[in-house]
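Quick look at work18.csv (CSV, C-alpha atoms):
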```
chain,number,residue,atom,x,y,z
A,1,ASN,CA,40.5,-0.4,10.8
A,2,GLU,CA,41.7,0.9,7.4
A,3,PHE,CA,39.0,-1.1,5.6
A,4,ARG,CA,36.4,0.2,8.0
A,5,ILE,CA,37.5,3.8,7.4
A,6,LEU,CA,37.3,3.3,3.7
A,7,ALA,CA,33.9,1.8,3.9
A,8,ASN,CA,32.6,4.6,6.1
A,9,SER,CA,34.1,7.2,3.7
A,10,PHE,CA,32.4,5.4,0.7
A,11,ASN,CA,29.1,5.4,2.5
A,12,ASP,CA,29.4,9.1,3.4
A,13,MET,CA,30.2,9.8,-0.3
A,14,THR,CA,27.2,7.7,-1.5
A,15,ASP,CA,24.8,9.5,1.0
A,16,LYS,CA,26.0,12.9,-0.4
A,17,LEU,CA,25.5,11.8,-4.0
A,18,ASP,CA,22.0,10.6,-3.1
A,19,ASP,CA,21.3,14.0,-1.5
A,20,TYR,CA,22.5,15.7,-4.6
A,21,TYR,CA,20.4,13.4,-6.8
A,22,GLU,CA,17.2,14.1,-4.8
A,23,GLY,CA,18.1,17.8,-4.7
A,24,ILE,CA,18.2,17.9,-8.5
A,25,LEU,CA,14.8,16.1,-8.7
A,26,ASN,CA,13.4,18.7,-6.3
A,27,ALA,CA,14.8,21.5,-8.3
A,28,PHE,CA,13.1,20.2,-11.4
A,29,MET,CA,9.8,19.9,-9.4
A,30,ILE,CA,10.1,23.5,-8.3
A,31,THR,CA,10.7,24.5,-11.9
A,32,LEU,CA,7.5,22.7,-12.9
A,33,ASP,CA,5.7,24.4,-10.0
A,34,LEU,CA,6.5,27.8,-11.6
A,35,THR,CA,4.7,26.6,-14.8
A,36,ASP,CA,1.8,24.7,-13.2
A,37,LYS,CA,0.8,25.1,-9.5
A,38,TYR,CA,-0.7,21.6,-9.6
A,39,ALA,CA,2.5,19.9,-10.9
A,40,PRO,CA,4.3,18.9,-7.7
A,41,GLY,CA,1.2,17.1,-6.2
A,42,HIS,CA,0.4,15.5,-9.5
A,43,ALA,CA,4.0,14.2,-10.1
A,44,LYS,CA,4.1,12.8,-6.5
A,45,ARG,CA,0.8,11.0,-6.9
A,46,VAL,CA,1.6,9.6,-10.3
A,47,SER,CA,5.0,8.4,-9.1
A,48,GLN,CA,3.4,6.6,-6.2
A,49,TYR,CA,0.7,4.9,-8.4
A,50,SER,CA,3.4,3.9,-11.0
A,51,VAL,CA,5.7,2.4,-8.4
A,52,GLU,CA,2.8,0.4,-7.0
A,53,ILE,CA,2.0,-1.1,-10.4
A,54,ALA,CA,5.7,-1.8,-11.1
A,55,LYS,CA,6.1,-3.7,-7.9
A,56,LYS,CA,3.0,-5.8,-8.6
A,57,LEU,CA,4.5,-6.6,-12.0
A,58,ASN,CA,7.8,-7.6,-10.3
A,59,LEU,CA,9.9,-5.1,-12.2
A,60,LYS,CA,13.6,-4.9,-11.3
A,61,PRO,CA,14.6,-2.2,-8.7
A,62,GLN,CA,16.3,-0.1,-11.3
A,63,GLN,CA,13.3,-0.2,-13.6
A,64,ILE,CA,11.1,0.9,-10.7
A,65,GLU,CA,13.5,3.8,-9.9
A,66,ASN,CA,13.6,4.8,-13.6
A,67,LEU,CA,9.8,4.9,-13.7
A,68,ARG,CA,9.7,6.9,-10.4
A,69,ILE,CA,12.0,9.5,-11.9
A,70,ALA,CA,10.1,9.6,-15.2
A,71,SER,CA,6.9,10.2,-13.4
A,72,ILE,CA,8.4,13.2,-11.7
A,73,LEU,CA,10.1,14.7,-14.8
A,74,LYS,CA,7.6,13.8,-17.5
A,75,ASP,CA,6.1,17.3,-17.9
A,76,LEU,CA,9.4,19.2,-17.6
A,77,GLY,CA,9.0,20.2,-21.2
A,78,ASN,CA,5.9,22.3,-20.3
A,79,VAL,CA,8.4,25.1,-19.3
A,80,GLY,CA,8.7,25.9,-23.0
A,81,ILE,CA,4.9,26.3,-23.5
A,82,GLU,CA,3.0,29.5,-22.9
A,83,LYS,CA,1.1,29.5,-19.6
A,84,ASP,CA,-2.1,30.8,-21.3
A,85,ILE,CA,-2.1,27.6,-23.4
A,86,LEU,CA,-1.5,25.3,-20.5
A,87,SER,CA,-4.4,26.9,-18.5
A,88,LYS,CA,-6.7,27.5,-21.4
A,89,LYS,CA,-10.4,26.7,-20.6
A,90,ASP,CA,-11.6,26.6,-24.2
A,91,VAL,CA,-10.8,24.1,-26.9
A,92,LEU,CA,-7.2,24.3,-28.1
A,93,THR,CA,-6.5,25.5,-31.6
A,94,PRO,CA,-4.6,23.1,-33.9
A,95,ASP,CA,-1.4,25.2,-33.4
A,96,GLU,CA,-1.8,25.2,-29.6
A,97,LEU,CA,-2.4,21.4,-29.6
A,98,ILE,CA,0.8,20.9,-31.6
A,99,LYS,CA,2.7,23.0,-29.0
A,100,ILE,CA,1.2,20.9,-26.1
A,101,GLN,CA,2.2,17.7,-27.9
A,102,LYS,CA,5.8,18.8,-28.1
A,103,HIS,CA,6.3,18.7,-24.4
A,104,PRO,CA,7.7,15.1,-24.3
A,105,GLU,CA,10.3,16.1,-26.9
A,106,ASN,CA,11.0,19.4,-25.0
A,107,SER,CA,11.6,17.3,-21.8
A,108,ILE,CA,14.2,15.2,-23.7
A,109,LYS,CA,16.0,18.3,-24.9
A,110,ILE,CA,16.4,19.4,-21.3
A,111,LEU,CA,17.5,16.0,-20.0
A,112,LYS,CA,19.4,14.4,-22.8
A,113,ASN,CA,22.9,15.4,-21.6
A,114,ILE,CA,22.4,14.0,-18.1
A,115,LYS,CA,24.1,10.7,-18.4
A,116,GLN,CA,22.4,9.2,-15.3
A,117,LEU,CA,19.0,9.7,-16.9
A,118,GLN,CA,19.5,8.0,-20.3
A,119,ASP,CA,17.3,5.0,-19.3
A,120,VAL,CA,14.6,7.5,-18.1
A,121,ILE,CA,14.4,9.4,-21.4
A,122,PRO,CA,12.5,6.7,-23.5
A,123,ILE,CA,9.8,6.4,-20.8
A,124,ILE,CA,9.2,10.2,-20.8
A,125,LEU,CA,9.3,10.3,-24.6
A,126,GLN,CA,6.7,7.5,-24.9
A,127,HIS,CA,4.3,8.3,-22.1
A,128,HIS,CA,1.7,9.9,-24.5
A,129,GLU,CA,1.9,7.0,-27.0
A,130,ARG,CA,-1.4,5.0,-27.2
A,131,TYR,CA,-1.9,1.3,-27.2
A,132,ASP,CA,-3.8,1.6,-30.5
A,133,GLY,CA,-1.0,3.6,-32.2
A,134,LEU,CA,-2.8,6.9,-32.3
A,135,GLY,CA,-0.7,8.7,-29.7
A,136,TYR,CA,2.4,11.0,-30.0
A,137,PRO,CA,5.1,11.8,-30.8
A,138,GLN,CA,6.0,8.6,-32.7
A,139,GLY,CA,2.7,6.8,-33.2
A,140,LEU,CA,4.0,3.7,-31.5
A,141,ARG,CA,1.5,0.9,-30.6
A,142,GLY,CA,1.2,-2.1,-28.4
A,143,ASN,CA,4.5,-3.8,-27.5
A,144,GLN,CA,6.5,-1.1,-29.4
A,145,ILE,CA,5.8,1.1,-26.3
A,146,SER,CA,8.0,0.3,-23.2
A,147,LEU,CA,6.3,-1.3,-20.3
A,148,GLU,CA,7.2,1.6,-18.0
A,149,ALA,CA,5.7,4.1,-20.4
A,150,LYS,CA,2.5,2.1,-20.7
A,151,ILE,CA,2.3,2.2,-16.9
A,152,LEU,CA,2.9,6.0,-16.8
A,153,ALA,CA,0.3,6.6,-19.5
A,154,ILE,CA,-2.4,5.1,-17.2
A,155,THR,CA,-1.4,6.7,-13.9
A,156,ASP,CA,-0.9,10.1,-15.5
A,157,ALA,CA,-4.3,10.0,-17.1
A,158,PHE,CA,-6.0,8.7,-13.9
A,159,ASP,CA,-4.6,11.5,-11.8
A,160,ALA,CA,-5.4,14.1,-14.4
A,161,MET,CA,-9.0,12.9,-14.4
A,162,THR,CA,-9.3,12.9,-10.6
A,163,THR,CA,-7.6,16.3,-10.0
A,164,LYS,CA,-9.7,19.5,-10.0
A,165,ARG,CA,-8.3,22.3,-11.9
A,166,GLU,CA,-9.4,25.9,-12.7
A,167,PHE,CA,-10.8,24.8,-16.1
A,168,LYS,CA,-12.3,21.4,-15.1
A,169,ASP,CA,-13.9,19.5,-12.3
A,170,ALA,CA,-12.4,16.3,-10.9
A,171,LEU,CA,-14.0,13.0,-11.7
A,172,SER,CA,-14.9,10.6,-8.9
A,173,MET,CA,-12.8,7.5,-8.6
A,174,GLU,CA,-15.7,5.5,-10.0
A,175,GLU,CA,-16.0,7.8,-13.0
A,176,ALA,CA,-12.3,7.7,-13.6
A,177,ILE,CA,-12.3,3.9,-13.4
A,178,TYR,CA,-15.1,3.8,-16.0
A,179,GLU,CA,-13.0,6.0,-18.3
A,180,LEU,CA,-10.0,3.7,-17.9
A,181,ARG,CA,-12.0,0.7,-18.8
A,182,ALA,CA,-13.7,2.4,-21.7
A,183,ASN,CA,-10.2,3.2,-23.1
A,184,LYS,CA,-8.4,0.0,-22.5
A,185,GLY,CA,-7.2,-1.5,-25.7
A,186,LYS,CA,-7.4,1.9,-27.2
A,187,GLN,CA,-5.4,4.4,-25.2
A,188,PHE,CA,-4.3,2.0,-22.5
A,189,ASP,CA,-2.7,-1.4,-22.2
A,190,PRO,CA,-5.6,-3.7,-21.1
A,191,GLU,CA,-3.8,-5.9,-18.6
A,192,ILE,CA,-2.0,-3.0,-16.9
A,193,THR,CA,-5.3,-1.1,-16.8
A,194,GLU,CA,-7.1,-3.9,-14.9
A,195,LEU,CA,-4.2,-4.4,-12.5
A,196,PHE,CA,-4.3,-0.7,-11.7
A,197,ILE,CA,-8.0,-0.8,-11.2
A,198,GLU,CA,-7.5,-3.8,-8.8
A,199,ILE,CA,-5.0,-1.7,-6.8
A,200,LEU,CA,-7.4,1.3,-6.7
A,201,ASN,CA,-10.3,-0.9,-5.6
A,202,LYS,CA,-8.3,-2.4,-2.7
A,203,LYS,CA,-7.2,1.1,-1.6
A,204,ASN,CA,-10.9,2.3,-1.7
A,205,ILE,CA,-12.0,-0.7,0.4
```
Go through the file and emit its structure as structure tokens.
Amino acid sequence: NEFRILANSFNDMTDKLDDYYEGILNAFMITLDLTDKYAPGHAKRVSQYSVEIAKKLNLKPQQIENLRIASILKDLGNVGIEKDILSKKDVLTPDELIKIQKHPENSIKILKNIKQLQDVIPIILQHHERYDGLGYPQGLRGNQISLEAKILAITDAFDAMTTKREFKDALSMEEAIYELRANKGKQFDPEITELFIEILNKKNI
């Protein structure tokens, strides 16, 4: 009976911690919503796409969870960028582009002291790196970029392309898939790109 009581107490405590954990993620998503009204839907879709790819690649459960969290929190650094820059319809100036490209590093400044998110931070920091080395903030290329970040780069770009915003129309799935293929080996990892397209085509069918 004592062991059963201890087990039940432990389970109750674990459930409460899980609730707190999800509550913190939701709080961050609300913060993003104040910056960008499209953010919560975008984050949810990107996390779903990313998790599907990760499962197909047989990533470990903790890797999948880290990727899910990174998908939700990747744009947290946008809270430090002026709204008129984030929603600008015209071409960004060089200074504005630099500010936009600081958002992964801004995200890390916010999250770096949360011990439980230390394995999530590299994914967020690298999700705008490119397969060809022309990304930011570190100019990493190929296998220098974590697998999770390479997945997130693809799913983030796909959802951005297929989401209508005030300053741009959404691409169709076919158009977005064309863009993914046109940029594999450049912006995106070729093998992960084709795996994602396979997933999308099966969903479409």
### Query
So how many Å separate CA of Ser87 in chain A and CA of Lys74 in chain A, to one decimal?
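Straight-line distance from CA of Ser87 in chain A to CA of Lys74 in chain A works out to 17.8 Å.
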**Prompt:** Need the neighbours of (2.3, -1.1, -26.4): which residues are at most 9 Å away, counting all atoms listed in the file, as a VMD selection string?
**Reply:** chain A and resid 129 to 133 140 to 147 149 to 150 188 to 189
Exercise. Restricting the calculation to all atoms listed in the file, which member of A:Asp84, A:Leu97, A:Lys202, A:Asp119 is positioned closest to Ala70 in chain A?
Worked result: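 With all atoms listed in the file as the atom set, the closest residue is A:Asp119.
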Quiz prompt | Nearest to His103 in chain A by atom-to-atom distance, counting only C-alpha atoms, from A:Val120, A:Leu125, A:Leu57, A:Ala43 | solution =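 Using only C-alpha atoms, His103 in chain A sits closest to A:Leu125.
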Of A:Gln101, A:Asn78, A:Gln118, A:Thr162, the one sitting nearest Leu32 in chain A when using all atoms listed in the file is A:Asn78
